[in-house]
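Printed here is protein_18.cif (mmCIF, C-alpha atoms):
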data_input
loop_
_atom_site.label_atom_id
_atom_site.label_comp_id
_atom_site.auth_asym_id
_atom_site.auth_seq_id
_atom_site.Cartn_x
_atom_site.Cartn_y
_atom_site.Cartn_z
CA MET H 1 33.44 6.38 24.57
CA ASN H 2 30.25 7.73 23.03
CA VAL H 3 27.79 4.85 23.37
CA THR H 4 24.30 4.89 21.87
CA ILE H 5 21.71 2.57 23.40
CA VAL H 6 19.13 1.20 20.97
CA HIS H 7 16.15 -0.95 21.92
CA ALA H 8 15.96 -3.32 18.97
CA CYS H 9 12.96 -5.38 17.86
CA LEU H 10 10.29 -3.59 19.89
CA ARG H 11 6.81 -5.03 20.26
CA ASP H 12 4.05 -2.47 19.81
CA GLY H 13 6.48 0.28 20.81
CA ARG H 14 7.60 -1.43 24.03
CA GLY H 15 10.46 -3.57 25.25
CA GLY H 16 13.06 -4.70 22.75
CA SER H 17 16.65 -5.73 23.31
CA PRO H 18 18.92 -2.94 24.65
CA THR H 19 22.03 -2.89 22.47
CA ALA H 20 25.14 -0.71 22.71
CA VAL H 21 26.24 0.87 19.42
CA LEU H 22 29.43 2.89 19.12
CA ASP H 23 31.98 4.00 16.56
CA ASP H 24 34.89 1.62 16.42
CA GLN H 25 38.36 2.91 17.25
CA PRO H 26 41.60 1.30 16.04
CA SER H 27 43.10 1.90 19.47
CA LEU H 28 40.57 -0.41 21.16
CA THR H 29 41.69 -3.94 22.01
CA ASP H 30 39.27 -6.86 21.79
CA ASP H 31 39.45 -7.20 25.58
CA GLU H 32 38.23 -3.61 25.84
CA ARG H 33 35.47 -4.30 23.32
CA ARG H 34 34.36 -7.29 25.40
CA ARG H 35 33.95 -5.05 28.44
CA VAL H 36 31.58 -2.62 26.72
CA PRO H 37 28.36 -4.71 27.05
CA ALA H 38 28.76 -4.98 30.82
CA LEU H 39 29.63 -1.30 31.17
CA ALA H 40 26.64 -0.31 29.03
CA GLY H 41 24.25 -2.73 30.74
CA THR H 42 23.52 -4.67 27.54
CA SER H 43 24.07 -8.23 26.34
CA HIS H 44 25.76 -7.16 23.09
CA ALA H 45 27.76 -4.26 21.69
CA VAL H 46 28.14 -3.29 18.02
CA PHE H 47 31.23 -1.43 16.81
CA VAL H 48 30.63 0.57 13.64
CA THR H 49 32.94 1.96 10.98
CA ALA H 50 30.82 3.94 8.53
CA GLU H 51 31.61 5.46 5.14
CA GLY H 52 28.76 6.86 3.07
CA SER H 53 26.12 4.19 2.39
CA GLU H 54 28.39 1.41 3.62
CA ALA H 55 29.45 0.34 7.08
CA SER H 56 31.54 -2.34 8.75
CA LEU H 57 30.18 -3.94 11.92
CA ARG H 58 31.80 -5.98 14.67
CA PHE H 59 29.74 -7.68 17.38
CA PHE H 60 30.86 -8.49 20.93
CA THR H 61 29.47 -10.06 24.07
CA ALA H 62 31.38 -10.41 27.32
CA GLU H 63 32.68 -13.76 26.02
CA GLY H 64 34.18 -12.38 22.80
CA GLU H 65 33.47 -11.54 19.17
CA LEU H 66 30.58 -12.99 17.15
CA PRO H 67 30.43 -13.39 13.35
CA GLY H 68 26.96 -11.84 13.39
CA CYS H 69 24.19 -10.52 15.61
CA GLY H 70 20.71 -9.92 14.22
CA HIS H 71 19.32 -7.49 16.77
CA GLY H 72 22.73 -5.79 16.80
CA THR H 73 22.41 -5.29 13.05
CA VAL H 74 18.94 -3.77 13.52
CA ALA H 75 20.37 -1.44 16.18
CA ALA H 76 23.29 -0.39 13.99
CA LEU H 77 20.97 0.33 11.05
CA ALA H 78 18.88 2.61 13.28
CA VAL H 79 21.95 4.58 14.35
CA LEU H 80 23.24 4.88 10.79
CA ALA H 81 19.83 6.09 9.61
CA GLU H 82 19.64 8.63 12.43
CA ARG H 83 22.92 10.12 11.21
CA GLY H 84 21.75 10.30 7.58
CA GLU H 85 19.38 12.55 5.71
CA GLY H 86 15.84 11.57 4.71
CA ASP H 87 13.46 8.93 5.97
CA ALA H 88 14.58 5.89 3.92
CA HIS H 89 18.03 4.37 3.59
CA GLU H 90 19.70 1.40 1.91
CA ILE H 91 22.98 0.49 3.57
CA THR H 92 25.53 -2.19 2.70
CA LEU H 93 26.91 -3.83 5.84
CA ARG H 94 30.19 -5.72 6.03
CA THR H 95 30.34 -8.14 8.95
CA PRO H 96 32.70 -10.97 9.95
CA GLY H 97 30.01 -13.35 8.69
CA GLY H 98 29.59 -11.73 5.27
CA THR H 99 28.12 -8.76 3.44
CA LEU H 100 24.48 -7.86 4.20
CA ASP H 101 21.97 -5.60 2.49
CA GLY H 102 20.17 -3.35 4.97
CA GLN H 103 17.13 -1.15 4.59
CA VAL H 104 15.74 1.21 7.19
CA THR H 105 12.95 3.78 7.37
CA GLY H 106 11.96 6.30 10.03
CA LYS H 107 13.17 9.41 11.81
CA ASP H 108 13.44 11.10 15.21
CA GLY H 109 14.78 7.99 16.91
CA GLU H 110 12.02 5.63 15.70
CA PHE H 111 12.92 3.17 12.92
CA GLU H 112 11.97 -0.01 11.09
CA ALA H 113 15.13 -1.87 10.07
CA TYR H 114 15.53 -5.05 8.02
CA PHE H 115 18.44 -6.90 6.48
CA THR H 116 19.31 -10.00 4.46
CA PRO H 117 21.26 -12.28 6.82
CA GLY H 118 22.59 -14.60 4.10
CA PRO H 119 21.99 -18.25 3.24
CA VAL H 120 20.74 -20.67 5.89
CA THR H 121 21.72 -24.33 5.85
CA LEU H 122 19.47 -26.89 7.53
CA ARG H 123 19.95 -30.50 8.53
CA LYS H 124 18.16 -33.12 10.57
CA PRO H 125 20.05 -34.17 13.71
CA ALA H 126 21.38 -37.69 13.90
CA ASP H 127 19.54 -40.07 16.21
CA GLY H 128 20.39 -39.26 19.81
CA GLU H 129 22.74 -36.43 18.81
CA HIS H 130 21.09 -33.84 21.04
CA LYS H 131 19.76 -35.90 23.95
CA ALA H 132 21.95 -34.18 26.52
CA LEU H 133 21.02 -30.77 25.15
CA LEU H 134 17.29 -31.48 25.25
CA ARG H 135 17.66 -32.85 28.78
CA ALA H 136 19.38 -29.60 29.82
CA LEU H 137 16.56 -27.59 28.26
CA GLY H 138 14.04 -29.55 30.29
CA VAL H 139 12.14 -31.09 27.37
CA ALA H 140 11.64 -34.74 26.51
CA GLU H 141 14.64 -36.35 24.86
CA ASP H 142 12.42 -37.74 22.11
CA THR H 143 10.95 -34.31 21.19
CA PRO H 144 10.47 -34.59 17.41
CA GLY H 145 11.11 -32.04 14.70
CA SER H 146 14.36 -30.42 15.87
CA VAL H 147 16.58 -28.97 13.14
CA VAL H 148 20.21 -27.82 13.12
CA ALA H 149 20.25 -24.45 11.34
CA ALA H 150 23.48 -22.68 10.43
CA LEU H 151 23.71 -18.97 9.73
CA GLY H 152 27.31 -18.19 10.54
CA ARG H 153 27.31 -20.61 13.48
CA PRO H 154 24.91 -23.56 13.89
CA ARG H 155 22.13 -23.59 16.44
CA LEU H 156 19.38 -26.06 17.27
CA LEU H 157 15.76 -25.13 16.50
CA VAL H 158 13.47 -26.98 18.91
CA PRO H 159 9.69 -26.98 18.30
CA LEU H 160 7.21 -27.25 21.16
CA PRO H 161 3.45 -27.49 20.70
CA THR H 162 2.27 -24.39 22.59
CA ARG H 163 3.34 -20.94 23.75
CA LEU H 164 2.79 -22.12 27.33
CA ALA H 165 5.27 -24.95 26.87
CA VAL H 166 7.87 -22.45 25.63
CA SER H 167 7.29 -20.01 28.50
CA ALA H 168 7.45 -22.80 31.12
CA LEU H 169 11.03 -23.85 30.28
CA THR H 170 13.62 -23.59 33.07
CA PRO H 171 16.90 -24.82 31.56
CA ASP H 172 19.92 -25.98 33.50
CA PHE H 173 22.33 -23.41 32.04
CA ASP H 174 25.53 -25.15 33.18
CA ASP H 175 24.48 -28.40 31.51
CA LEU H 176 23.15 -26.53 28.49
CA ARG H 177 26.43 -24.70 28.00
CA ALA H 178 28.37 -27.96 28.26
CA ALA H 179 26.09 -29.65 25.73
CA CYS H 180 26.27 -26.75 23.28
CA ASP H 181 30.06 -26.58 23.61
CA ASP H 182 30.34 -30.32 23.04
CA LEU H 183 28.26 -30.07 19.84
CA GLY H 184 29.77 -26.82 18.60
CA LEU H 185 26.43 -25.03 18.75
CA LEU H 186 25.74 -21.34 19.31
CA GLY H 187 22.70 -22.24 21.39
CA CYS H 188 19.08 -23.40 21.25
CA TYR H 189 16.12 -21.54 19.78
CA VAL H 190 12.90 -23.00 21.16
CA HIS H 191 9.64 -22.02 19.45
CA SER H 192 5.95 -22.82 19.55
CA ALA H 193 3.95 -24.19 16.63
CA PRO H 194 3.02 -21.39 14.20
CA THR H 195 -0.51 -20.01 14.42
CA PRO H 196 -2.56 -19.63 11.22
CA GLU H 197 -1.08 -16.11 11.06
CA ALA H 198 2.45 -17.62 11.21
CA ARG H 199 3.16 -16.22 14.68
CA VAL H 200 5.23 -18.07 17.28
CA ALA H 201 6.57 -17.60 20.78
CA ALA H 202 10.32 -18.20 20.96
CA ARG H 203 13.22 -18.19 23.40
CA MET H 204 16.92 -18.27 22.53
CA PHE H 205 19.34 -19.77 25.05
CA ALA H 206 23.04 -19.14 24.33
CA PRO H 207 25.08 -19.55 27.54
CA SER H 208 28.17 -20.49 25.53
CA ILE H 209 28.53 -16.87 24.38
CA GLY H 210 27.72 -15.42 27.78
CA VAL H 211 23.99 -14.85 27.09
CA PRO H 212 21.90 -17.36 29.08
CA GLU H 213 18.77 -16.03 27.34
CA ASP H 214 18.52 -13.47 24.56
CA ILE H 215 15.71 -10.91 24.60
CA ALA H 216 15.57 -10.92 20.80
CA ASN H 217 17.38 -13.10 18.27
CA ALA H 218 16.81 -12.10 14.67
CA ASN H 219 19.27 -14.50 13.05
CA SER H 220 17.64 -17.54 14.68
CA THR H 221 14.23 -16.24 13.61
CA ALA H 222 15.64 -16.01 10.07
CA CYS H 223 16.71 -19.65 10.41
CA LEU H 224 13.19 -20.59 11.48
CA ALA H 225 11.73 -18.72 8.49
CA ALA H 226 14.01 -20.69 6.17
CA HIS H 227 12.92 -23.95 7.81
CA LEU H 228 9.20 -23.12 7.71
CA SER H 229 9.46 -22.03 4.07
CA ARG H 230 10.03 -25.70 3.23
CA GLU H 231 6.56 -26.31 4.65
CA GLY H 232 5.01 -23.56 2.53
CA LEU H 233 5.02 -20.66 5.02
CA PRO H 234 6.31 -17.43 3.44
CA GLY H 235 7.42 -15.92 6.74
CA VAL H 236 7.12 -15.87 10.51
CA THR H 237 6.63 -13.38 13.34
CA ALA H 238 8.36 -14.35 16.59
CA ASP H 239 7.51 -12.96 20.02
CA MET H 240 10.44 -13.11 22.43
CA GLY H 241 11.63 -11.53 25.66
CA ASP H 242 8.48 -12.02 27.76
CA SER H 243 10.27 -14.24 30.28
CA LEU H 244 12.84 -11.44 30.74
CA GLY H 245 10.28 -8.66 31.15
CA SER H 246 11.13 -6.98 27.84
CA PRO H 247 8.72 -8.03 25.06
CA ALA H 248 10.29 -8.16 21.62
CA THR H 249 9.05 -9.08 18.16
CA ILE H 250 11.06 -10.09 15.09
CA ARG H 251 9.63 -10.50 11.60
CA ALA H 252 11.20 -12.64 8.89
CA VAL H 253 10.01 -13.10 5.30
CA ALA H 254 11.22 -15.84 2.95
CA THR H 255 11.13 -15.56 -0.84
CA PRO H 256 12.38 -18.17 -3.33
CA GLY H 257 16.00 -17.81 -4.41
CA ALA H 258 18.44 -19.59 -6.67
CA ASN H 259 20.28 -21.11 -3.70
CA GLY H 260 17.40 -21.56 -1.29
CA PRO H 261 15.05 -19.04 0.29
CA ARG H 262 16.12 -15.41 0.52
CA ILE H 263 15.36 -14.09 4.00
CA LEU H 264 14.62 -10.53 5.05
CA VAL H 265 14.51 -10.10 8.84
CA GLY H 266 14.28 -7.28 11.34
CA GLY H 267 11.87 -5.15 13.32
CA ALA H 268 11.26 -1.84 15.02
CA ALA H 269 14.00 0.03 16.87
CA ARG H 270 14.15 3.07 19.13
CA ILE H 271 17.23 5.07 20.05
CA THR H 272 16.78 5.65 23.76
CA ARG H 273 20.05 7.05 25.07
CA ASP H 274 22.86 8.90 23.33
CA PRO H 275 25.23 10.31 25.96
CA ALA H 276 27.62 13.09 25.01
#
Take the structure from the file and write it as structure tokens.
Amino acid sequence: MNVTIVHACLRDGRGGSPTAVLDDQPSLTDDERRRVPALAGTSHAVFVTAEGSEASLRFFTAEGELPGCGHGTVAALAVLAERGEGDAHEITLRTPGGTLDGQVTGKDGEFEAYFTPGPVTLRKPADGEHKALLRALGVAEDTPGSVVAALGRPRLLVPLPTRLAVSALTPDFDDLRAACDDLGLLGCYVHSAPTPEARVAARMFAPSIGVPEDIANANSTACLAAHLSREGLPGVTADMGDSLGSPATIRAVATPGANGPRILVGGAARITRDPA
């Protein structure tokens, strides 16, 4: 198969999350799709069916199919733009989680790609609901301010006071997976308090889908932007991937909408390998 590797959500031209992007084939089974990330040396693979200014996307990890993948969407937009003409593109994306509006600029393998991930629902956890999960993360069970955010699948947003506290985490991944499975959660997105410039450090742990830690997670950053918009912040910039040696940055902007904030999220992407 012709697999393109895209580093999605670069920080200052470096790092990013390596993502496999390839044209989907009706002959492929889902078991074969699940094997692509391991064969390509990536955490995720995106399967694309393109037609003009529209495309259908399917996302897989080694554990199976996902309804959505933010950095995978950024990677797919970069590949679709590389195939098109001109330096600016608007692309409608159909995913298992819904239809997304994508916009991408750039050329010669270097792109800025953003998309609207859809509505985010937020709720406060019940008392004691996530004690086992917080214990597995290695934070105090009475850590205040956690929020369950759903964008496709729910995940727990966990605030910590400093970037150092985020970087120091050493979760027990077996216990974390069990706790996430028990609660029906995609994973945990841990973030520092926003700076005056609305910048945070973040880490996404998702062992239940075969990704102990994600280099970049755009959908969870979109969830955080929706949450922070309730506190008056119009957006957030999240630095991720440092603990994995691949710095990544995701930007999310929130604007008022009829059914809650409208989020635009994404970042820089570079096509790094396109084997024949």
In Å and to one decimal, atom CA of Phe47 of chain H is distant from atom CA of Leu10 of chain H by 21.3 Å
With distances taken over all atoms listed in the file, the candidate from H:Thr99, H:Asn219, H:Thr92, H:Ser167 nearest Leu151 of chain H is H:Asn219
Tell me which residues the PyMOL selection byres ((chain H and resi 22) around 12) grabs here, as a PyMOL selection string. chain H and resi 1-6+19-21+23-25+28+33+36-37+40+44-50+56-60+72+75-77+79-80+273-276
Selection dump of the PyMOL selection byres ((chain H and resi 255-257) around 12), as a PyMOL selection string = chain H and resi 116+118-120+222+225-226+228-230+232-235+252-254+258-265
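For the set H:Ala149, H:Asp239, H:Thr73, H:Asp127, the residue with the smallest atom-to-atom gap to Arg94 of chain H is H:Thr73, counting all atoms listed in the file.
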* To do: Spell out the residues picked by the PyMOL selection byres ((chain H and resi 191) around 7) here, as a VMD selection string.
  => chain H and resid 158 to 160 166 189 to 190 192 to 193 200 to 203
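Take the candidates H:Leu176, H:Ala269, H:Leu156, H:Ile250 and check each one against Cys188 of chain H using all atoms listed in the file; the shortest distance goes to H:Leu156.
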Could you work out an axis-aligned bounding box for all listed atoms of segment 200-219 of chain H, with 8 Å added on each of the six sides, and give its centre and edge lengths in Å to one decimal, as JSON?
{"center_x": 16.9, "center_y": -15.7, "center_z": 21.1, "size_x": 39.3, "size_y": 25.6, "size_z": 32.0}
- Task: Please work out which residues fall within 12 Å of (29.5, -26.2, 19.5), coordinates as given in the file, with all atoms listed in the file counting, and return them as a PyMOL selection string.
- Result: chain H and resi 130+133+148+150+153-156+176-188+206-209
Ala88 of chain H proximity check over H:Leu66, H:Ile215, H:Val74, H:Ala113, using all atoms listed in the file: winner is H:Ala113
| task | For the point (14.2, -26.1, 11.9) in the file's frame, write as a ChimeraX atom specification all residues with an atom no more than 7 Å away, counting all atoms listed in the file. | result | /H:122,146-149,157,224,227
Create the file for the chosen residues now, containing C-alpha atoms and written as a compact mmCIF listing (two decimals), in the frame of the given file.
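Final file, out-v6.txt:
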# COMPACT_ATOMS: atom_id res chain seq x y z
CA LEU H 122 19.47 -26.89 7.53
CA SER H 146 14.36 -30.42 15.87
CA VAL H 147 16.58 -28.97 13.14
CA VAL H 148 20.21 -27.82 13.12
CA ALA H 149 20.25 -24.45 11.34
CA LEU H 157 15.76 -25.13 16.50
CA LEU H 224 13.19 -20.59 11.48
CA HIS H 227 12.92 -23.95 7.81
Requested in this report: For Gly15 of chain H, list every protein, DNA or RNA residue within 12 Å, evaluated using only C-alpha atoms, and leave out those in the same chain fewer than 2 positions away; present the list as a PyMOL selection string.
Outcome: chain H and resi 6-13+17-19+215-216+239-249+268-270+272
Restricting it to C-alpha atoms, dump the selection as a short mmCIF file (atom, residue, chain, number, x, y, z; two decimals), keeping the file's coordinate frame.
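Contents of the output file result-v5.cif:
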data_model
loop_
_atom_site.label_atom_id
_atom_site.label_comp_id
_atom_site.auth_asym_id
_atom_site.auth_seq_id
_atom_site.Cartn_x
_atom_site.Cartn_y
_atom_site.Cartn_z
CA VAL H 6 19.13 1.20 20.97
CA HIS H 7 16.15 -0.95 21.92
CA ALA H 8 15.96 -3.32 18.97
CA CYS H 9 12.96 -5.38 17.86
CA LEU H 10 10.29 -3.59 19.89
CA ARG H 11 6.81 -5.03 20.26
CA ASP H 12 4.05 -2.47 19.81
CA GLY H 13 6.48 0.28 20.81
CA SER H 17 16.65 -5.73 23.31
CA PRO H 18 18.92 -2.94 24.65
CA THR H 19 22.03 -2.89 22.47
CA ILE H 215 15.71 -10.91 24.60
CA ALA H 216 15.57 -10.92 20.80
CA ASP H 239 7.51 -12.96 20.02
CA MET H 240 10.44 -13.11 22.43
CA GLY H 241 11.63 -11.53 25.66
CA ASP H 242 8.48 -12.02 27.76
CA SER H 243 10.27 -14.24 30.28
CA LEU H 244 12.84 -11.44 30.74
CA GLY H 245 10.28 -8.66 31.15
CA SER H 246 11.13 -6.98 27.84
CA PRO H 247 8.72 -8.03 25.06
CA ALA H 248 10.29 -8.16 21.62
CA THR H 249 9.05 -9.08 18.16
CA ALA H 268 11.26 -1.84 15.02
CA ALA H 269 14.00 0.03 16.87
CA ARG H 270 14.15 3.07 19.13
CA THR H 272 16.78 5.65 23.76
#
One residue among H:Asn217, H:Gln103, H:Thr195, H:Thr29 is nearest to Gly64 of chain H when using all atoms listed in the file, and that residue is H:Thr29
Of H:Arg83, H:Arg35, H:Arg199, H:Arg123, the one sitting nearest Gly52 of chain H when using all atoms listed in the file is H:Arg83
The distance between atom CA of Glu65 of chain H and atom CA of Leu93 of chain H is 16.7 Å
Could you give me, as a PDB file with C-alpha atoms, in the frame of the given file, the residues within 9 Å of Pro171 of chain H, counting only C-alpha atoms and dropping anything in the same chain fewer than 3 positions from it?
ATOM      1  CA  ARG H 135      17.660 -32.850  28.780  1.00  0.00           C
ATOM      2  CA  ALA H 136      19.380 -29.600  29.820  1.00  0.00           C
ATOM      3  CA  LEU H 137      16.560 -27.590  28.260  1.00  0.00           C
ATOM      4  CA  GLY H 138      14.040 -29.550  30.290  1.00  0.00           C
ATOM      5  CA  VAL H 139      12.140 -31.090  27.370  1.00  0.00           C
ATOM      6  CA  ASP H 174      25.530 -25.150  33.180  1.00  0.00           C
ATOM      7  CA  ASP H 175      24.480 -28.400  31.510  1.00  0.00           C
ATOM      8  CA  LEU H 176      23.150 -26.530  28.490  1.00  0.00           C
ATOM      9  CA  PHE H 205      19.340 -19.770  25.050  1.00  0.00           C
TER      10      PHE H 205
END
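Take atom CA of Ile271 of chain H and atom CA of Glu112 of chain H: the distance between them is 11.6 Å.
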Shell of 10 Å around Gly86 of chain H, all atoms listed in the file, local chain residues under 3 positions omitted, as a ChimeraX atom specification: /H:81-83,89,105-107
